[in-house]
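Peer 1: Sharing work-v2.cif below, mmCIF, C-alpha atoms:
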data_work
loop_
_atom_site.group_PDB
_atom_site.id
_atom_site.type_symbol
_atom_site.label_atom_id
_atom_site.label_comp_id
_atom_site.auth_asym_id
_atom_site.auth_seq_id
_atom_site.Cartn_x
_atom_site.Cartn_y
_atom_site.Cartn_z
ATOM 1 C CA MET A 18 -17.696 2.531 -2.537
ATOM 2 C CA PRO A 19 -18.213 3.357 1.133
ATOM 3 C CA ARG A 20 -15.890 5.989 2.590
ATOM 4 C CA THR A 21 -14.638 3.589 5.275
ATOM 5 C CA PHE A 22 -13.437 1.133 2.638
ATOM 6 C CA VAL A 23 -11.604 3.892 0.752
ATOM 7 C CA LYS A 24 -9.968 5.085 3.985
ATOM 8 C CA ILE A 25 -8.793 1.555 4.782
ATOM 9 C CA ILE A 26 -7.316 1.135 1.295
ATOM 10 C CA MET A 27 -5.593 4.541 1.403
ATOM 11 C CA THR A 28 -4.192 3.923 4.895
ATOM 12 C CA GLY A 29 -2.785 0.577 3.806
ATOM 13 C CA LEU A 30 -1.282 2.059 0.654
ATOM 14 C CA LEU A 31 0.343 4.939 2.542
ATOM 15 C CA SER A 32 1.691 2.526 5.132
ATOM 16 C CA VAL A 33 3.317 0.371 2.462
ATOM 17 C CA LEU A 34 4.748 3.380 0.625
ATOM 18 C CA GLY A 35 6.101 4.790 3.890
ATOM 19 C CA HIS A 36 7.795 1.472 4.576
ATOM 20 C CA PHE A 37 9.584 1.578 1.230
ATOM 21 C CA ALA A 38 10.589 5.229 1.649
ATOM 22 C CA CYS A 39 12.288 4.426 4.956
ATOM 23 C CA ALA A 40 13.867 1.255 3.621
ATOM 24 C CA ASP A 41 16.575 3.391 1.949
ATOM 25 C CA VAL A 42 18.393 3.623 5.311
ATOM 26 C CA VAL A 43 20.603 0.633 6.047
ATOM 27 C CA VAL A 44 22.560 -0.490 9.099
ATOM 28 C CA VAL A 45 26.327 -0.673 8.561
ATOM 29 C CA VAL A 46 29.446 -1.988 10.278
ATOM 30 C CA SER A 47 33.090 -2.017 9.255
ATOM 31 C CA ASP A 48 34.358 -4.863 7.101
ATOM 32 C CA GLY A 49 36.322 -6.030 10.164
ATOM 33 C CA SER A 50 33.222 -6.451 12.305
ATOM 34 C CA PRO A 51 31.997 -9.944 13.170
ATOM 35 C CA VAL A 52 28.371 -8.703 12.936
ATOM 36 C CA ARG A 53 26.584 -9.997 9.854
ATOM 37 C CA THR A 54 22.956 -10.249 10.977
ATOM 38 C CA LEU A 55 20.902 -8.769 13.818
ATOM 39 C CA SER A 56 17.297 -9.204 14.797
ATOM 40 C CA ALA A 57 15.143 -6.083 14.880
ATOM 41 C CA THR A 58 14.918 -6.534 18.657
ATOM 42 C CA GLN A 59 18.713 -6.624 19.024
ATOM 43 C CA LEU A 60 19.045 -3.497 16.900
ATOM 44 C CA ALA A 61 16.430 -1.673 18.971
ATOM 45 C CA ASP A 62 18.134 -2.774 22.185
ATOM 46 C CA ILE A 63 21.491 -1.507 20.917
ATOM 47 C CA TYR A 64 20.135 1.928 20.029
ATOM 48 C CA LEU A 65 18.031 2.204 23.211
ATOM 49 C CA GLY A 66 20.976 1.387 25.467
ATOM 50 C CA ARG A 67 19.761 -2.028 26.614
ATOM 51 C CA LEU A 68 22.387 -4.090 24.776
ATOM 52 C CA THR A 69 26.099 -3.266 24.903
ATOM 53 C CA TYR A 70 27.548 -6.717 24.227
ATOM 54 C CA LEU A 71 26.595 -9.316 21.642
ATOM 55 C CA SER A 72 26.134 -12.971 22.546
ATOM 56 C CA GLU A 73 29.689 -13.709 21.412
ATOM 57 C CA GLY A 74 30.956 -11.288 24.087
ATOM 58 C CA GLU A 75 31.844 -8.591 21.568
ATOM 59 C CA ALA A 76 31.160 -5.002 22.616
ATOM 60 C CA ILE A 77 28.843 -3.078 20.308
ATOM 61 C CA VAL A 78 29.121 0.702 19.995
ATOM 62 C CA PRO A 79 26.183 2.470 18.319
ATOM 63 C CA ILE A 80 26.900 5.628 16.349
ATOM 64 C CA ASP A 81 23.933 7.914 15.791
ATOM 65 C CA GLN A 82 23.351 10.577 13.165
ATOM 66 C CA ALA A 83 22.379 14.111 14.132
ATOM 67 C CA GLU A 84 18.698 14.384 14.973
ATOM 68 C CA GLN A 85 18.112 16.954 12.227
ATOM 69 C CA THR A 86 19.006 14.502 9.459
ATOM 70 C CA GLN A 87 16.460 12.591 7.431
ATOM 71 C CA ALA A 88 18.446 9.387 7.972
ATOM 72 C CA HIS A 89 17.961 9.743 11.755
ATOM 73 C CA SER A 90 14.209 10.099 11.428
ATOM 74 C CA ASP A 91 13.927 7.300 8.854
ATOM 75 C CA PHE A 92 16.100 4.915 10.886
ATOM 76 C CA TYR A 93 14.166 5.274 14.116
ATOM 77 C CA GLN A 94 10.801 5.166 12.380
ATOM 78 C CA HIS A 95 11.586 2.143 10.199
ATOM 79 C CA TYR A 96 13.720 -0.012 12.477
ATOM 80 C CA LEU A 97 12.485 0.944 15.965
ATOM 81 C CA GLY A 98 8.977 2.206 15.177
ATOM 82 C CA ARG A 99 9.597 5.434 17.120
ATOM 83 C CA THR A 100 9.703 9.118 16.314
ATOM 84 C CA PRO A 101 12.662 11.364 17.147
ATOM 85 C CA ALA A 102 10.539 12.907 19.925
ATOM 86 C CA GLN A 103 9.972 9.473 21.469
ATOM 87 C CA ILE A 104 13.707 8.758 21.293
ATOM 88 C CA ARG A 105 14.507 12.100 22.987
ATOM 89 C CA SER A 106 12.011 11.259 25.730
ATOM 90 C CA HIS A 107 13.523 7.790 26.212
ATOM 91 C CA TRP A 108 17.032 9.176 26.630
ATOM 92 C CA SER A 109 15.886 12.057 28.840
ATOM 93 C CA ARG A 110 14.441 9.544 31.307
ATOM 94 C CA LEU A 111 17.580 7.400 31.287
ATOM 95 C CA ILE A 112 19.905 10.373 31.690
ATOM 96 C CA PHE A 113 17.778 11.818 34.511
ATOM 97 C CA THR A 114 17.836 8.536 36.441
ATOM 98 C CA GLY A 115 21.535 7.961 35.739
ATOM 99 C CA ARG A 116 20.905 4.710 33.872
ATOM 100 C CA GLY A 117 22.438 5.543 30.525
ATOM 101 C CA GLN A 118 23.737 7.902 27.883
ATOM 102 C CA PRO A 119 22.569 8.121 24.274
ATOM 103 C CA PRO A 120 24.781 6.906 21.448
ATOM 104 C CA ARG A 121 27.401 9.348 20.260
ATOM 105 C CA ALA A 122 25.955 11.392 17.393
ATOM 106 C CA VAL A 123 27.947 12.561 14.399
ATOM 107 C CA ASN A 124 27.092 15.574 12.252
ATOM 108 C CA SER A 125 28.021 14.321 8.815
ATOM 109 C CA HIS A 126 28.099 11.321 6.561
ATOM 110 C CA ALA A 127 31.910 11.488 6.469
ATOM 111 C CA ALA A 128 32.123 11.492 10.282
ATOM 112 C CA LEU A 129 29.863 8.421 10.459
ATOM 113 C CA VAL A 130 31.965 6.569 7.886
ATOM 114 C CA GLU A 131 35.151 7.435 9.781
ATOM 115 C CA ALA A 132 33.740 6.408 13.188
ATOM 116 C CA VAL A 133 32.425 3.062 11.950
ATOM 117 C CA THR A 134 35.477 2.303 9.800
ATOM 118 C CA ARG A 135 37.908 2.946 12.672
ATOM 119 C CA ASN A 136 36.128 0.770 15.226
ATOM 120 C CA PRO A 137 35.232 -2.845 14.363
ATOM 121 C CA ASN A 138 32.735 -2.795 17.273
ATOM 122 C CA ALA A 139 30.870 0.260 15.951
ATOM 123 C CA ILE A 140 27.505 0.129 14.223
ATOM 124 C CA GLY A 141 25.773 2.938 12.370
ATOM 125 C CA TYR A 142 23.186 3.680 9.718
ATOM 126 C CA MET A 143 23.119 5.647 6.490
ATOM 127 C CA ASP A 144 21.425 6.004 3.136
ATOM 128 C CA ALA A 145 21.779 2.776 1.175
ATOM 129 C CA GLU A 146 23.261 4.455 -1.892
ATOM 130 C CA ALA A 147 25.970 6.152 0.206
ATOM 131 C CA VAL A 148 27.632 3.020 1.659
ATOM 132 C CA PRO A 149 31.350 3.236 0.767
ATOM 133 C CA ASP A 150 34.014 0.562 0.490
ATOM 134 C CA GLY A 151 35.165 -0.479 3.943
ATOM 135 C CA LEU A 152 31.621 -0.707 5.327
ATOM 136 C CA ARG A 153 29.234 -3.657 5.132
ATOM 137 C CA VAL A 154 25.431 -3.627 5.286
ATOM 138 C CA VAL A 155 24.002 -5.697 8.157
ATOM 139 C CA ASP A 156 20.986 -7.905 7.476
ATOM 140 C CA ILE A 157 18.170 -7.039 9.893
ATOM 141 C CA GLU A 158 15.678 -9.834 10.560
ATOM 142 C CA PHE A 159 12.171 -8.587 11.286
#
Now, as a test, write the supplied structure out as structure tokens.

Peer 2:
Amino acid sequence: MPRTFVKIIMTGLLSVLGHFACADVVVVVSDGSPVRTLSATQLADIYLGRLTYLSEGEAIVPIDQAEQTQAHSDFYQHYLGRTPAQIRSHWSRLIFTGRGQPPRAVNSHAALVEAVTRNPNAIGYMDAEAVPDGLRVVDIEF
């Protein structure tokens, strides 16, 4: 087998496995939220500060996890296709020009659950197996 063919196969396999590894992070809202489904573009726009209201006129408040967490890295890589460094750069530019502030970040799973549960307009992300009662997983359409 030529080396190029093997490299193509291995790259494809690693890409697919990476996709499944990141798929363990889900987007969540409180049970009281009207949000049931979002497109990947809407989700990216919410977390990049370009979308603050949904089409129904409802405000949307993104809650971020601390940058040091695996969920943070997995979320931005899987759903937005960006690294934490690219996200830092994005927000640095917006802050410098006065055009935005990054989402509020929480330092723990419990703090994320509390923030999203208390505010029906909040949206967050967490490990799929950690979603408690009171939160609902949002379907993301790619």

Peer 1: Applying 10 Å and all atoms listed in the file, which residues near region 104-118 of chain A remain after dropping the ones on its own chain fewer than 5 positions away? List them as a JSON list (two decimals) with C-alpha atoms, in the coordinates of the input.

Peer 2:
[["chain", "number", "residue", "atom", "x", "y", "z"],
["A", 64, "TYR", "CA", 20.14, 1.93, 20.03],
["A", 65, "LEU", "CA", 18.03, 2.20, 23.21],
["A", 66, "GLY", "CA", 20.98, 1.39, 25.47],
["A", 67, "ARG", "CA", 19.76, -2.03, 26.61],
["A", 84, "GLU", "CA", 18.70, 14.38, 14.97],
["A", 90, "SER", "CA", 14.21, 10.10, 11.43],
["A", 93, "TYR", "CA", 14.17, 5.27, 14.12],
["A", 97, "LEU", "CA", 12.48, 0.94, 15.96],
["A", 99, "ARG", "CA", 9.60, 5.43, 17.12]]

Peer 1: Hey, what comes out of the PyMOL selection byres ((chain A and resi 46) around 6) on this file? Could you write it as a count of residues only?

Peer 2: 5

Peer 1: From the options A:Val52, A:Ala127, A:Ala88, A:Ala57, which residue's atoms come nearest to Ala139 (chain A), counting all atoms listed in the file?

Peer 2: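 Checking each candidate against Ala139 (chain A), we get A:Val52 as the closest.
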
Peer 1: Using only the atoms of region 94-102 of chain A listed in the file, plus 5 Å on each side, state the axis-aligned box centre and edge lengths in Å rounded to one decimal, as AutoDock Vina command-line options.

Peer 2:
--center_x 11.3 --center_y 6.4 --center_z 15.1 --size_x 14.7 --size_y 22.9 --size_z 19.7

Peer 1: For CA of Val78 (chain A) and CA of Phe159 (chain A), determine how far apart the two atoms are, in Å to one decimal place.

Peer 2: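 About the pair CA of Val78 (chain A) and CA of Phe159 (chain A): they are 21.2 Å apart.
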
Peer 1: Please measure the separation of CA of Asp48 (chain A) and CA of Pro101 (chain A), giving the value in Å to one decimal.

Peer 2: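 Pair CA of Asp48 (chain A) / CA of Pro101 (chain A) returns 28.9 Å.
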
Peer 1: Applying the PyMOL selection byres ((chain A and resi 147) around 12) to the file I just gave you, which residues come out? Please list them as a ChimeraX atom specification.

Peer 2: /A:41-45,88,126-127,129-130,142-146,148-154

Peer 1: Spell out the residues picked by the PyMOL selection byres ((chain A and resi 58) around 10) here, as number ranges by chain.

Peer 2: A: 55-57, 59-63, 68, 96-97, 157-159

Peer 1: Just the number, please: distance in Å from CA of Tyr70 (chain A) to CA of Gln94 (chain A), one decimal.

Peer 2: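 A separation of 23.7 Å between them.
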